[in-house]
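Peer 1: Following this line is run.cif, made up of mmCIF, C-alpha atoms:
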```cif
data_entry
loop_
_atom_site.label_atom_id
_atom_site.label_comp_id
_atom_site.auth_asym_id
_atom_site.auth_seq_id
_atom_site.Cartn_x
_atom_site.Cartn_y
_atom_site.Cartn_z
CA MET A 27 -19.56 71.44 -35.34
CA PRO A 28 -17.71 73.68 -35.51
CA LEU A 29 -19.37 75.35 -32.55
CA TYR A 30 -18.11 78.82 -31.74
CA THR A 31 -19.10 80.84 -28.69
CA VAL A 32 -18.32 84.55 -28.65
CA LEU A 33 -18.21 86.02 -25.15
CA THR A 34 -18.47 89.80 -25.08
CA LYS A 35 -18.41 92.47 -22.43
CA ARG A 36 -21.24 94.42 -24.04
CA ASN A 37 -24.23 93.20 -25.99
CA LEU A 38 -23.41 93.69 -29.68
CA SER A 39 -25.91 95.02 -32.21
CA ALA A 40 -27.86 92.50 -34.27
CA SER A 41 -25.99 93.50 -37.43
CA LYS A 42 -22.59 93.04 -35.78
CA LYS A 43 -23.58 89.60 -34.49
CA LYS A 44 -24.74 88.56 -37.95
CA SER A 45 -21.56 89.86 -39.64
CA ILE A 46 -19.28 88.24 -37.07
CA SER A 47 -21.17 84.96 -37.25
CA ASP A 48 -21.07 84.83 -41.05
CA GLY A 49 -17.40 85.81 -41.02
CA ILE A 50 -16.46 83.10 -38.53
CA VAL A 51 -18.21 80.34 -40.48
CA LYS A 52 -16.77 81.51 -43.81
CA VAL A 53 -13.22 81.69 -42.42
CA HIS A 54 -13.54 78.30 -40.75
CA SER A 55 -14.79 76.74 -43.98
CA LYS A 56 -12.18 78.42 -46.19
CA VAL A 57 -9.20 77.63 -43.96
CA THR A 58 -10.12 74.07 -42.96
CA GLY A 59 -12.10 72.96 -46.04
CA ALA A 60 -15.01 71.90 -43.81
CA PRO A 61 -18.48 72.54 -45.25
CA PRO A 62 -20.19 75.57 -43.67
CA VAL A 63 -23.52 73.78 -43.28
CA PHE A 64 -23.06 72.92 -39.59
CA GLY A 65 -21.15 76.05 -38.57
CA THR A 66 -22.85 77.39 -35.45
CA VAL A 67 -22.06 80.58 -33.53
CA LEU A 68 -23.51 81.55 -30.14
CA PHE A 69 -23.14 84.99 -28.56
CA MET A 70 -23.06 85.53 -24.81
CA SER A 71 -22.78 89.04 -23.39
CA GLY A 72 -22.18 90.66 -20.05
CA TYR A 73 -18.88 88.88 -19.42
CA ARG A 74 -16.08 90.73 -17.60
CA LEU A 75 -13.12 89.28 -19.47
CA LYS A 76 -9.52 89.07 -18.33
CA LYS A 77 -6.93 91.53 -19.72
CA ASN A 78 -9.73 94.06 -20.18
CA GLN A 79 -10.71 92.28 -23.40
CA GLU A 80 -13.98 93.11 -25.15
CA ALA A 81 -14.49 89.75 -26.85
CA MET A 82 -13.31 86.16 -26.49
CA ILE A 83 -13.85 83.54 -29.19
CA LEU A 84 -14.18 79.97 -27.88
CA GLY A 85 -14.08 77.40 -30.64
CA SER A 86 -15.02 73.74 -30.30
CA ILE A 87 -13.49 72.19 -33.38
CA ARG A 88 -12.60 68.73 -34.62
CA ILE A 89 -8.98 67.63 -34.31
CA GLY A 90 -7.00 64.99 -36.17
CA GLY A 91 -7.26 64.18 -39.87
CA ASN A 92 -5.64 66.83 -42.07
CA ARG A 93 -5.75 69.56 -39.42
CA SER A 94 -2.12 70.61 -39.00
CA GLN A 95 -0.75 73.18 -36.55
CA GLN A 96 -0.28 75.47 -39.53
CA ILE A 97 -4.01 75.30 -40.32
CA ILE A 98 -4.91 75.88 -36.67
CA ASP A 99 -2.62 78.94 -36.49
CA GLU A 100 -4.03 80.38 -39.71
CA LEU A 101 -7.56 79.77 -38.45
CA LYS A 102 -6.79 81.50 -35.17
CA ASN A 103 -5.31 84.59 -36.84
CA LYS A 104 -8.13 84.96 -39.36
CA LEU A 105 -10.91 84.42 -36.80
CA ILE A 106 -9.48 87.11 -34.52
CA HIS A 107 -9.25 89.43 -37.51
CA VAL A 108 -12.93 88.79 -38.39
CA VAL A 109 -14.10 89.66 -34.88
CA ILE A 110 -11.86 92.74 -34.68
CA HIS A 111 -13.11 93.93 -38.08
CA PHE A 112 -16.84 93.36 -37.73
CA GLY A 113 -16.99 94.10 -34.01
CA GLN A 114 -14.91 97.27 -34.46
CA PHE A 115 -12.51 96.29 -31.69
CA ASN A 116 -8.78 96.92 -31.24
CA THR A 117 -6.31 94.07 -31.68
CA ALA A 118 -5.63 93.68 -27.96
CA GLN A 119 -9.34 93.54 -27.14
CA VAL A 120 -10.03 90.14 -28.73
CA GLY A 121 -8.82 86.71 -27.63
CA LEU A 122 -9.36 83.15 -28.84
CA ASP A 123 -9.19 79.67 -27.40
CA PHE A 124 -9.85 76.32 -29.05
CA ILE A 125 -10.97 73.00 -27.63
CA GLY A 126 -10.14 70.15 -29.96
CA ILE A 127 -12.69 67.32 -29.99
CA LYS A 128 -12.38 63.96 -31.69
CA ALA A 129 -14.79 63.73 -34.62
CA SER A 130 -16.02 60.31 -33.44
CA TRP A 131 -17.28 61.90 -30.21
CA VAL A 132 -19.78 64.08 -32.10
CA TYR A 133 -23.02 63.14 -33.85
CA GLU A 134 -24.70 65.56 -36.19
CA GLY A 135 -27.19 65.14 -39.00
CA GLY A 136 -27.85 61.60 -37.86
CA MET A 137 -24.24 60.52 -38.39
CA VAL A 138 -20.96 60.41 -36.50
CA LEU A 139 -18.82 63.25 -37.85
CA PRO A 140 -15.90 62.38 -40.15
CA ASP A 141 -12.27 63.18 -39.43
CA PRO A 142 -11.20 66.55 -40.84
CA GLY A 143 -10.50 66.11 -44.56
CA ASP A 144 -12.97 63.25 -45.01
CA GLU A 145 -16.03 65.49 -45.39
CA ASP A 146 -16.67 64.78 -49.09
CA THR A 147 -17.28 61.07 -48.49
CA TRP A 148 -19.38 61.87 -45.44
CA LEU A 149 -21.54 64.34 -47.35
CA ALA A 150 -21.94 61.88 -50.23
CA ASN A 151 -23.42 59.41 -47.75
CA ASN A 152 -25.58 62.10 -46.20
CA PRO A 153 -27.10 63.95 -49.16
CA ASN A 154 -29.54 66.02 -47.06
CA HIS A 155 -26.66 68.27 -46.03
CA HIS A 156 -25.40 69.45 -49.41
CA MET B 166 -23.63 64.33 -9.94
CA GLU B 167 -22.92 64.36 -13.68
CA LYS B 168 -23.93 67.37 -15.75
CA VAL B 169 -25.48 67.45 -19.19
CA VAL B 170 -25.76 70.86 -20.85
CA ILE B 171 -28.38 71.26 -23.54
CA SER B 172 -28.61 74.43 -25.62
CA ILE B 173 -31.91 75.13 -27.31
CA LYS B 174 -33.49 78.09 -29.04
CA ALA B 175 -35.78 80.13 -26.79
CA GLU B 176 -39.49 79.38 -27.05
CA GLN B 177 -38.89 76.52 -29.47
CA PHE B 178 -40.25 73.84 -27.15
CA SER B 179 -43.02 73.76 -24.55
CA SER B 180 -42.29 73.09 -20.87
CA GLN B 181 -43.89 69.68 -21.28
CA GLN B 182 -41.60 68.84 -24.20
CA ILE B 183 -38.56 69.95 -22.22
CA LYS B 184 -39.58 67.77 -19.28
CA SER B 185 -40.08 64.79 -21.60
CA LEU B 186 -36.70 65.44 -23.26
CA GLU B 187 -35.06 65.63 -19.86
CA GLN B 188 -36.51 62.26 -18.91
CA VAL B 189 -35.30 60.49 -22.04
CA VAL B 190 -31.82 62.01 -21.90
CA ILE B 191 -31.43 60.91 -18.26
CA GLN B 192 -32.79 57.46 -19.03
CA ASN B 193 -30.44 57.03 -22.00
CA TYR B 194 -27.49 58.36 -20.00
CA LYS B 195 -28.10 55.75 -17.32
CA THR B 196 -28.58 52.98 -19.90
CA PHE B 197 -25.53 53.67 -22.04
CA ILE B 198 -23.04 55.78 -20.08
CA SER B 199 -23.27 55.65 -16.30
CA LYS B 200 -25.66 54.91 -13.44
CA ASN B 201 -24.56 58.12 -11.70
CA ASN B 202 -27.15 60.80 -11.05
CA VAL B 203 -27.51 63.34 -13.83
CA LEU B 204 -28.30 67.04 -13.68
CA ILE B 205 -29.63 68.55 -16.90
CA LEU B 206 -28.94 72.25 -17.42
CA TRP B 207 -30.87 73.97 -20.20
CA ASN B 208 -29.09 76.87 -21.89
CA ILE B 209 -31.85 78.93 -23.47
CA VAL B 210 -30.48 80.88 -26.46
CA SER B 211 -32.48 83.83 -27.73
CA GLU B 212 -32.98 84.12 -31.48
CA ALA B 213 -30.69 87.17 -31.54
CA ASN B 214 -27.81 85.19 -30.04
CA GLY B 215 -27.52 82.10 -32.22
CA PHE B 216 -26.69 81.48 -35.87
CA SER B 217 -26.16 78.33 -37.86
CA ASN B 218 -25.41 77.92 -41.55
CA PHE B 219 -25.70 81.74 -41.89
CA LYS B 220 -29.25 81.84 -40.49
CA PRO B 221 -30.61 83.11 -37.13
CA HIS B 222 -31.33 79.61 -35.94
CA ILE B 223 -29.40 77.01 -33.98
CA PRO B 224 -29.61 73.24 -33.78
CA SER B 225 -30.41 71.72 -30.42
CA ILE B 226 -27.02 70.95 -28.87
CA ILE B 227 -26.53 68.24 -26.23
CA ASN B 228 -23.13 68.11 -24.53
CA MET B 229 -22.29 65.44 -21.99
CA GLY B 230 -19.31 63.72 -20.44
CA CYS B 231 -18.32 60.07 -20.29
CA PRO B 232 -15.58 58.02 -18.61
CA ILE B 233 -12.10 57.91 -20.20
CA GLY B 234 -11.92 55.05 -22.69
CA PHE B 235 -15.72 54.91 -23.10
CA SER B 236 -16.64 52.42 -25.82
CA GLN B 237 -17.40 53.93 -29.23
CA GLU B 238 -20.04 51.25 -29.78
CA LYS B 239 -21.96 52.42 -26.71
CA ARG B 240 -21.42 56.04 -27.69
CA VAL B 241 -23.03 55.40 -31.07
CA GLN B 242 -25.90 53.52 -29.42
CA MET B 243 -26.44 56.54 -27.17
CA PHE B 244 -26.30 58.90 -30.17
CA GLU B 245 -28.86 56.86 -32.06
CA GLN B 246 -31.29 56.35 -29.19
CA CYS B 247 -31.12 59.98 -28.10
CA THR B 248 -31.71 61.18 -31.66
CA LYS B 249 -34.66 58.83 -32.06
CA ASP B 250 -36.24 59.98 -28.79
CA TRP B 251 -35.45 63.65 -29.31
CA THR B 252 -36.83 63.88 -32.85
CA SER B 253 -39.91 61.93 -31.80
CA ILE B 254 -40.71 64.41 -29.00
CA THR B 255 -39.77 67.62 -30.81
CA GLY B 256 -40.55 66.88 -34.44
CA GLN B 257 -37.09 68.19 -35.32
CA ARG B 258 -35.08 66.55 -38.10
CA SER B 259 -31.89 64.73 -37.21
CA ASP B 260 -29.85 67.49 -38.87
CA GLU B 261 -31.25 69.92 -36.28
CA LEU B 262 -29.59 68.06 -33.43
CA LEU B 263 -25.94 67.92 -32.38
CA ILE B 264 -24.82 65.52 -29.65
CA SER B 265 -21.33 65.31 -28.20
CA ILE B 266 -20.15 62.71 -25.69
CA ILE B 267 -16.75 63.85 -24.48
CA GLU B 268 -14.34 62.12 -22.10
CA GLN B 269 -14.56 63.66 -18.63
CA PRO B 270 -11.34 65.68 -18.33
CA LEU B 271 -12.05 67.49 -21.59
CA PHE B 272 -15.75 67.83 -20.76
CA LYS B 273 -14.85 69.53 -17.47
CA GLU B 274 -12.59 71.89 -19.41
CA PHE B 275 -15.52 72.54 -21.75
CA LEU B 276 -17.83 73.34 -18.82
CA ASP B 277 -15.33 75.59 -17.08
CA ARG B 278 -14.02 77.48 -20.04
CA ASN B 279 -16.42 80.43 -20.02
CA ALA B 280 -15.57 81.15 -16.38
CA ASN B 281 -11.86 80.65 -17.03
CA GLN B 282 -11.84 83.67 -19.34
CA LEU B 283 -13.20 86.00 -16.67
CA THR B 284 -11.82 88.31 -14.03
CA GLN B 285 -12.51 87.37 -10.40
CA TYR B 286 -15.37 89.87 -10.37
CA GLY B 287 -16.61 88.47 -13.67
CA LYS B 288 -16.62 84.93 -12.24
CA LEU B 289 -18.59 86.06 -9.19
CA ARG B 290 -21.06 87.90 -11.39
CA LEU B 291 -21.50 84.84 -13.62
CA ARG B 292 -22.00 82.51 -10.64
CA LEU B 293 -24.63 84.80 -9.11
CA HIS B 294 -26.40 85.14 -12.45
CA LEU B 295 -26.48 81.37 -12.99
CA LEU B 296 -27.61 80.70 -9.42
CA LYS B 297 -30.47 83.16 -9.71
CA GLU B 298 -31.55 81.84 -13.13
CA LEU B 299 -31.33 78.17 -12.17
CA ILE B 300 -33.25 78.51 -8.90
CA SER B 301 -35.92 80.73 -10.37
CA SER B 302 -36.44 78.43 -13.38
CA LYS B 303 -36.60 75.29 -11.22
CA ILE B 304 -39.30 76.90 -9.07
CA SER B 305 -41.32 78.22 -11.99
CA THR B 306 -40.92 75.40 -14.55
CA GLY B 307 -39.62 72.33 -12.73
CA TYR B 308 -36.35 72.17 -14.68
CA TYR B 309 -33.05 74.06 -14.46
CA SER B 310 -32.56 76.59 -17.23
CA PHE B 311 -30.52 79.72 -17.76
CA ASN B 312 -29.82 82.45 -20.26
CA SER B 313 -26.07 82.46 -20.83
CA SER B 314 -26.10 86.18 -21.61
CA ILE B 315 -25.88 88.15 -18.39
CA ASN B 316 -26.99 91.55 -19.61
CA ASN B 317 -29.79 90.91 -22.08
#
```
How does the structure come out when it is put into structure tokens?
Peer 2:
Amino acid sequence: MPLYTVLTKRNLSASKKKSISDGIVKVHSKVTGAPPVFGTVLFMSGYRLKKNQEAMILGSIRIGGNRSQQIIDELKNKLIHVVIHFGQFNTAQVGLDFIGIKASWVYEGGMVLPDPGDEDTWLANNPNHH
Amino acid sequence: MEKVVISIKAEQFSSQQIKSLEQVVIQNYKTFISKNNVLILWNIVSEANGFSNFKPHIPSIINMGCPIGFSQEKRVQMFEQCTKDWTSITGQRSDELLISIIEQPLFKEFLDRNANQLTQYGKLRLRLHLLKELISSKISTGYYSFNSSINN
């Protein structure tokens, strides 16, 4: 977590997938303060998207903690920009939707995930993930 | 019938390992979450389509639903037992496994959300693709698996 799925109409090149994936994880980490270590991105192609879009970003992210609406809005804008930039799409061709999941409902690295903002303590107790 | 969706990297595990994993996930689901019947769907992700921590590799990802108000104590017991069984069968480390147990309304939203982004034709195409993949995999391997990319 975070787990991002990028649905696309066409199969993207390997280099575009890598750039988009890296960009998504970097933006998520920078905007939310979450460590990038568990950032995962899956690509699924062949999807006929609504509004004639070329790509749709579906993010499963933790809610609560220090994650304000302002942070969510900033994250949304920057993630769309990353996919537009590295996928070479137009603004109207990319959409995004989040599902917010309670941290306590997710287990990763052998531990229940911390609330957003409590990652430092969590990582200190879980040194394998530095 | 309750659904559990498990995403794994293609060719990472043998058919026998997948069958063993399926058994322990079902057994743990019935022990800790619900006695309802469970259908496991394996999302097979090719190496080109998954990245984690900037590398072309993904953790194994288990997503399942639970009743509203499900006890956190039981959830943690399920997490721990599943991790123990999974790492024992696969040899993976615990940091290569993600498990989420999500209350049913949100889990249903999670399951439906790919299709919800699609045109009517896109939904039909996705349903036909999944049907073909699931039936053919069940016949050839004994478990239900699919490639979530339609055109590669």
Peer 1: Using 9 Å as the limit and counting all atoms listed in the file, can you tabulate each residue of chain B that touches chain A, with its shortest atom-to-atom distance in Å and the two atoms involved, as a tab-separated table?
Peer 2:
```
residue	atom	partner	partner_atom	distance
B:Val210	CA	A:Leu68	CA	7.9
B:Ala213	CA	A:Ala40	CA	6.6
B:Asn214	CA	A:Phe69	CA	4.9
B:Gly215	CA	A:Leu68	CA	4.6
B:Phe216	CA	A:Val67	CA	5.3
B:Ser217	CA	A:Thr66	CA	4.2
B:Asn218	CA	A:Val63	CA	4.9
B:Phe219	CA	A:Asp48	CA	5.6
B:Lys220	CA	A:Lys44	CA	8.5
B:Pro221	CA	A:Lys44	CA	8.1
B:His222	CA	A:Thr66	CA	8.8
B:Ile223	CA	A:Thr66	CA	6.7
B:Pro224	CA	A:Thr66	CA	8.1
B:Gln237	CA	A:Ser130	CA	7.8
B:Arg240	CA	A:Trp131	CA	7.6
B:Val241	CA	A:Val138	CA	7.7
B:Phe244	CA	A:Tyr133	CA	6.5
B:Glu245	CA	A:Gly136	CA	7.6
B:Thr248	CA	A:Gly136	CA	7.3
B:Arg258	CA	A:Gly135	CA	8.1
B:Ser259	CA	A:Gly135	CA	5.0
B:Asp260	CA	A:Gly135	CA	3.6
B:Glu261	CA	A:Gly135	CA	6.8
B:Leu262	CA	A:Glu134	CA	6.1
B:Leu263	CA	A:Glu134	CA	4.7
B:Ile264	CA	A:Tyr133	CA	5.2
B:Ser265	CA	A:Val132	CA	4.4
B:Ile266	CA	A:Trp131	CA	5.4
B:Ile267	CA	A:Trp131	CA	6.1
B:Glu268	CA	A:Trp131	CA	8.6
B:Leu271	CA	A:Ile125	CA	8.2
B:Glu274	CA	A:Ile125	CA	8.5
B:Phe275	CA	A:Ile125	CA	7.4
B:Arg278	CA	A:Leu84	CA	8.2
B:Asn279	CA	A:Leu33	CA	7.8
B:Ala280	CA	A:Tyr73	CA	8.9
B:Asn281	CA	A:Lys76	CA	8.8
B:Gln282	CA	A:Leu75	CA	5.8
B:Leu283	CA	A:Leu75	CA	4.3
B:Thr284	CA	A:Lys76	CA	4.9
B:Gln285	CA	A:Lys76	CA	8.6
B:Tyr286	CA	A:Arg74	CA	7.3
B:Gly287	CA	A:Arg74	CA	4.6
B:Lys288	CA	A:Arg74	CA	7.9
B:Arg290	CA	A:Tyr73	CA	8.4
B:Leu291	CA	A:Tyr73	CA	7.5
B:Asn312	CA	A:Met70	CA	8.7
B:Ser313	CA	A:Met70	CA	5.9
B:Ser314	CA	A:Met70	CA	4.5
B:Ile315	CA	A:Gly72	CA	4.8
B:Asn316	CA	A:Gly72	CA	4.9
B:Asn317	CA	A:Asn37	CA	7.2
```
Peer 1: Kindly provide, as a list in words, the polymer residues lying within 6 Å of (-35.4, 83.2, -28.4), counting only C-alpha atoms and using the coordinates exactly as they appear in the file.
Peer 2: Lys174, Ala175, Glu176, Val210, Ser211 and Glu212 of chain B
Peer 1: For A:Lys102, which residue among A:Ala150, A:Val53, A:Glu80, A:Asp141 is the nearest when counting only C-alpha atoms?
Peer 2: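 Ranking A:Ala150, A:Val53, A:Glu80, A:Asp141 by distance to A:Lys102, first place goes to A:Val53.
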Peer 1: I need the residue nearest B:Gln246 from this list: B:Asp277, B:Ser225, B:Val190, B:Arg292. Use all atoms listed in the file for the distance.
Peer 2: B:Val190
Peer 1: Could you list the residues chosen by the PyMOL selection byres ((chain B and resi 167) around 9) in this structure as a list in words?
Peer 2: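 Here the PyMOL selection byres ((chain B and resi 167) around 9) matches Met166, Lys168, Val169, Asn201, Asn202, Val203, Leu204, Ile205, Met229 and Gly230 of chain B.
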Peer 1: I'd like the residues picked by the PyMOL selection byres ((chain A and resi 92) around 9) written out as a ChimeraX atom specification, using the chain letters and numbers from the file.
Peer 2: /A:58,89-91,93-94,97,141-144
Peer 1: Between atom CA of B:Ile183 and atom CA of B:Asn208, what is the distance in Å, rounded to a tenth?
Peer 2: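 Taking atom CA of B:Ile183 as the start and atom CA of B:Asn208 as the end point, the length is 11.7 Å.
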Peer 1: On this file, the PyMOL selection byres ((chain A and resi 101) around 10) gives some set of residues; write that set as an MDAnalysis selection string.
Peer 2: chainID A and resid 50 53:58 95:100 102:107
Peer 1: Please produce an output containing C-alpha atoms for each residue in the selection, written as a short mmCIF file (atom, residue, chain, number, x, y, z; two decimals), keeping the file's coordinate frame.
Peer 2:
```
data_model
loop_
_atom_site.label_atom_id
_atom_site.label_comp_id
_atom_site.auth_asym_id
_atom_site.auth_seq_id
_atom_site.Cartn_x
_atom_site.Cartn_y
_atom_site.Cartn_z
CA ILE A 50 -16.46 83.10 -38.53
CA VAL A 53 -13.22 81.69 -42.42
CA HIS A 54 -13.54 78.30 -40.75
CA SER A 55 -14.79 76.74 -43.98
CA LYS A 56 -12.18 78.42 -46.19
CA VAL A 57 -9.20 77.63 -43.96
CA THR A 58 -10.12 74.07 -42.96
CA GLN A 95 -0.75 73.18 -36.55
CA GLN A 96 -0.28 75.47 -39.53
CA ILE A 97 -4.01 75.30 -40.32
CA ILE A 98 -4.91 75.88 -36.67
CA ASP A 99 -2.62 78.94 -36.49
CA GLU A 100 -4.03 80.38 -39.71
CA LYS A 102 -6.79 81.50 -35.17
CA ASN A 103 -5.31 84.59 -36.84
CA LYS A 104 -8.13 84.96 -39.36
CA LEU A 105 -10.91 84.42 -36.80
CA ILE A 106 -9.48 87.11 -34.52
CA HIS A 107 -9.25 89.43 -37.51
#
```
Peer 1: To one decimal in Å, tell me the separation between atom CA of B:Ser172 and atom CA of A:Asp146.
Peer 2: 28.0 Å
Peer 1: Could you jot down the atom CA of B:Tyr194 to atom CA of B:Leu293 separation for me, Å, one decimal place?
Peer 2: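 Computing the Euclidean distance for atom CA of B:Tyr194 and atom CA of B:Leu293 yields 28.7 Å.
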Peer 1: Counting all atoms listed in the file, which of B:Trp207, B:Met243, B:Ser179, B:Ile173 gets nearest to B:Glu298?
Peer 2: B:Trp207
Peer 1: Can you give me all heavy atoms for stretch 28-37 of chain A, written as a PDB file, in the frame of the given file?
Peer 2:
```pdb
ATOM      1  N   PRO A  28     -18.271  73.066 -36.694  1.00  0.00           N
ATOM      2  CA  PRO A  28     -17.710  73.680 -35.510  1.00  0.00           C
ATOM      3  C   PRO A  28     -18.767  74.451 -34.714  1.00  0.00           C
ATOM      4  O   PRO A  28     -19.748  74.938 -35.275  1.00  0.00           O
ATOM      5  CB  PRO A  28     -16.683  74.655 -36.092  1.00  0.00           C
ATOM      6  CG  PRO A  28     -17.289  75.076 -37.402  1.00  0.00           C
ATOM      7  CD  PRO A  28     -17.949  73.840 -37.927  1.00  0.00           C
ATOM      8  N   LEU A  29     -18.515  74.545 -33.414  1.00  0.00           N
ATOM      9  CA  LEU A  29     -19.370  75.350 -32.550  1.00  0.00           C
ATOM     10  C   LEU A  29     -18.511  76.444 -31.939  1.00  0.00           C
ATOM     11  O   LEU A  29     -17.553  76.156 -31.218  1.00  0.00           O
ATOM     12  CB  LEU A  29     -19.980  74.460 -31.452  1.00  0.00           C
ATOM     13  CG  LEU A  29     -20.782  75.178 -30.376  1.00  0.00           C
ATOM     14  CD1 LEU A  29     -21.995  75.890 -30.978  1.00  0.00           C
ATOM     15  CD2 LEU A  29     -21.254  74.181 -29.315  1.00  0.00           C
ATOM     16  N   TYR A  30     -18.845  77.678 -32.278  1.00  0.00           N
ATOM     17  CA  TYR A  30     -18.110  78.820 -31.740  1.00  0.00           C
ATOM     18  C   TYR A  30     -19.000  79.585 -30.759  1.00  0.00           C
ATOM     19  O   TYR A  30     -20.185  79.800 -31.028  1.00  0.00           O
ATOM     20  CB  TYR A  30     -17.686  79.774 -32.863  1.00  0.00           C
ATOM     21  CG  TYR A  30     -16.505  79.271 -33.655  1.00  0.00           C
ATOM     22  CD1 TYR A  30     -16.683  78.576 -34.847  1.00  0.00           C
ATOM     23  CD2 TYR A  30     -15.207  79.483 -33.194  1.00  0.00           C
ATOM     24  CE1 TYR A  30     -15.603  78.106 -35.572  1.00  0.00           C
ATOM     25  CE2 TYR A  30     -14.120  79.013 -33.918  1.00  0.00           C
ATOM     26  CZ  TYR A  30     -14.321  78.325 -35.102  1.00  0.00           C
ATOM     27  OH  TYR A  30     -13.238  77.856 -35.810  1.00  0.00           O
ATOM     28  N   THR A  31     -18.419  79.963 -29.627  1.00  0.00           N
ATOM     29  CA  THR A  31     -19.100  80.840 -28.690  1.00  0.00           C
ATOM     30  C   THR A  31     -18.303  82.135 -28.612  1.00  0.00           C
ATOM     31  O   THR A  31     -17.075  82.092 -28.470  1.00  0.00           O
ATOM     32  CB  THR A  31     -19.155  80.198 -27.283  1.00  0.00           C
ATOM     33  OG1 THR A  31     -19.858  78.957 -27.382  1.00  0.00           O
ATOM     34  CG2 THR A  31     -19.880  81.100 -26.305  1.00  0.00           C
ATOM     35  N   VAL A  32     -18.996  83.255 -28.752  1.00  0.00           N
ATOM     36  CA  VAL A  32     -18.320  84.550 -28.650  1.00  0.00           C
ATOM     37  C   VAL A  32     -18.800  85.226 -27.370  1.00  0.00           C
ATOM     38  O   VAL A  32     -19.970  85.604 -27.250  1.00  0.00           O
ATOM     39  CB  VAL A  32     -18.626  85.437 -29.881  1.00  0.00           C
ATOM     40  CG1 VAL A  32     -17.883  86.768 -29.757  1.00  0.00           C
ATOM     41  CG2 VAL A  32     -18.241  84.729 -31.168  1.00  0.00           C
ATOM     42  N   LEU A  33     -17.897  85.326 -26.402  1.00  0.00           N
ATOM     43  CA  LEU A  33     -18.210  86.020 -25.150  1.00  0.00           C
ATOM     44  C   LEU A  33     -17.862  87.493 -25.337  1.00  0.00           C
ATOM     45  O   LEU A  33     -16.766  87.809 -25.825  1.00  0.00           O
ATOM     46  CB  LEU A  33     -17.366  85.476 -23.992  1.00  0.00           C
ATOM     47  CG  LEU A  33     -17.405  83.981 -23.692  1.00  0.00           C
ATOM     48  CD1 LEU A  33     -16.512  83.683 -22.491  1.00  0.00           C
ATOM     49  CD2 LEU A  33     -18.813  83.515 -23.426  1.00  0.00           C
ATOM     50  N   THR A  34     -18.774  88.370 -24.960  1.00  0.00           N
ATOM     51  CA  THR A  34     -18.470  89.800 -25.080  1.00  0.00           C
ATOM     52  C   THR A  34     -18.815  90.518 -23.783  1.00  0.00           C
ATOM     53  O   THR A  34     -19.658  90.061 -23.011  1.00  0.00           O
ATOM     54  CB  THR A  34     -19.258  90.464 -26.229  1.00  0.00           C
ATOM     55  OG1 THR A  34     -20.659  90.256 -26.020  1.00  0.00           O
ATOM     56  CG2 THR A  34     -18.848  89.914 -27.567  1.00  0.00           C
ATOM     57  N   LYS A  35     -18.140  91.643 -23.605  1.00  0.00           N
ATOM     58  CA  LYS A  35     -18.410  92.470 -22.430  1.00  0.00           C
ATOM     59  C   LYS A  35     -19.781  93.130 -22.601  1.00  0.00           C
ATOM     60  O   LYS A  35     -20.626  93.076 -21.720  1.00  0.00           O
ATOM     61  CB  LYS A  35     -17.308  93.518 -22.327  1.00  0.00           C
ATOM     62  CG  LYS A  35     -17.203  94.224 -21.019  1.00  0.00           C
ATOM     63  CD  LYS A  35     -15.874  94.998 -21.020  1.00  0.00           C
ATOM     64  CE  LYS A  35     -15.721  95.850 -19.806  1.00  0.00           C
ATOM     65  NZ  LYS A  35     -14.449  96.595 -19.859  1.00  0.00           N
ATOM     66  N   ARG A  36     -19.974  93.732 -23.767  1.00  0.00           N
ATOM     67  CA  ARG A  36     -21.240  94.420 -24.040  1.00  0.00           C
ATOM     68  C   ARG A  36     -22.051  93.630 -25.058  1.00  0.00           C
ATOM     69  O   ARG A  36     -21.490  92.892 -25.858  1.00  0.00           O
ATOM     70  CB  ARG A  36     -20.963  95.817 -24.593  1.00  0.00           C
ATOM     71  CG  ARG A  36     -20.261  96.720 -23.601  1.00  0.00           C
ATOM     72  CD  ARG A  36     -19.908  98.075 -24.199  1.00  0.00           C
ATOM     73  NE  ARG A  36     -19.177  98.865 -23.220  1.00  0.00           N
ATOM     74  CZ  ARG A  36     -17.870  98.731 -22.959  1.00  0.00           C
ATOM     75  NH1 ARG A  36     -17.145  97.852 -23.607  1.00  0.00           N
ATOM     76  NH2 ARG A  36     -17.283  99.479 -22.035  1.00  0.00           N
ATOM     77  N   ASN A  37     -23.367  93.852 -25.001  1.00  0.00           N
ATOM     78  CA  ASN A  37     -24.230  93.200 -25.990  1.00  0.00           C
ATOM     79  C   ASN A  37     -24.009  93.880 -27.340  1.00  0.00           C
ATOM     80  O   ASN A  37     -24.150  95.095 -27.456  1.00  0.00           O
ATOM     81  CB  ASN A  37     -25.688  93.326 -25.542  1.00  0.00           C
ATOM     82  CG  ASN A  37     -26.609  92.490 -26.392  1.00  0.00           C
ATOM     83  OD1 ASN A  37     -26.177  91.564 -27.076  1.00  0.00           O
ATOM     84  ND2 ASN A  37     -27.888  92.803 -26.370  1.00  0.00           N
TER      85      ASN A  37
END
```
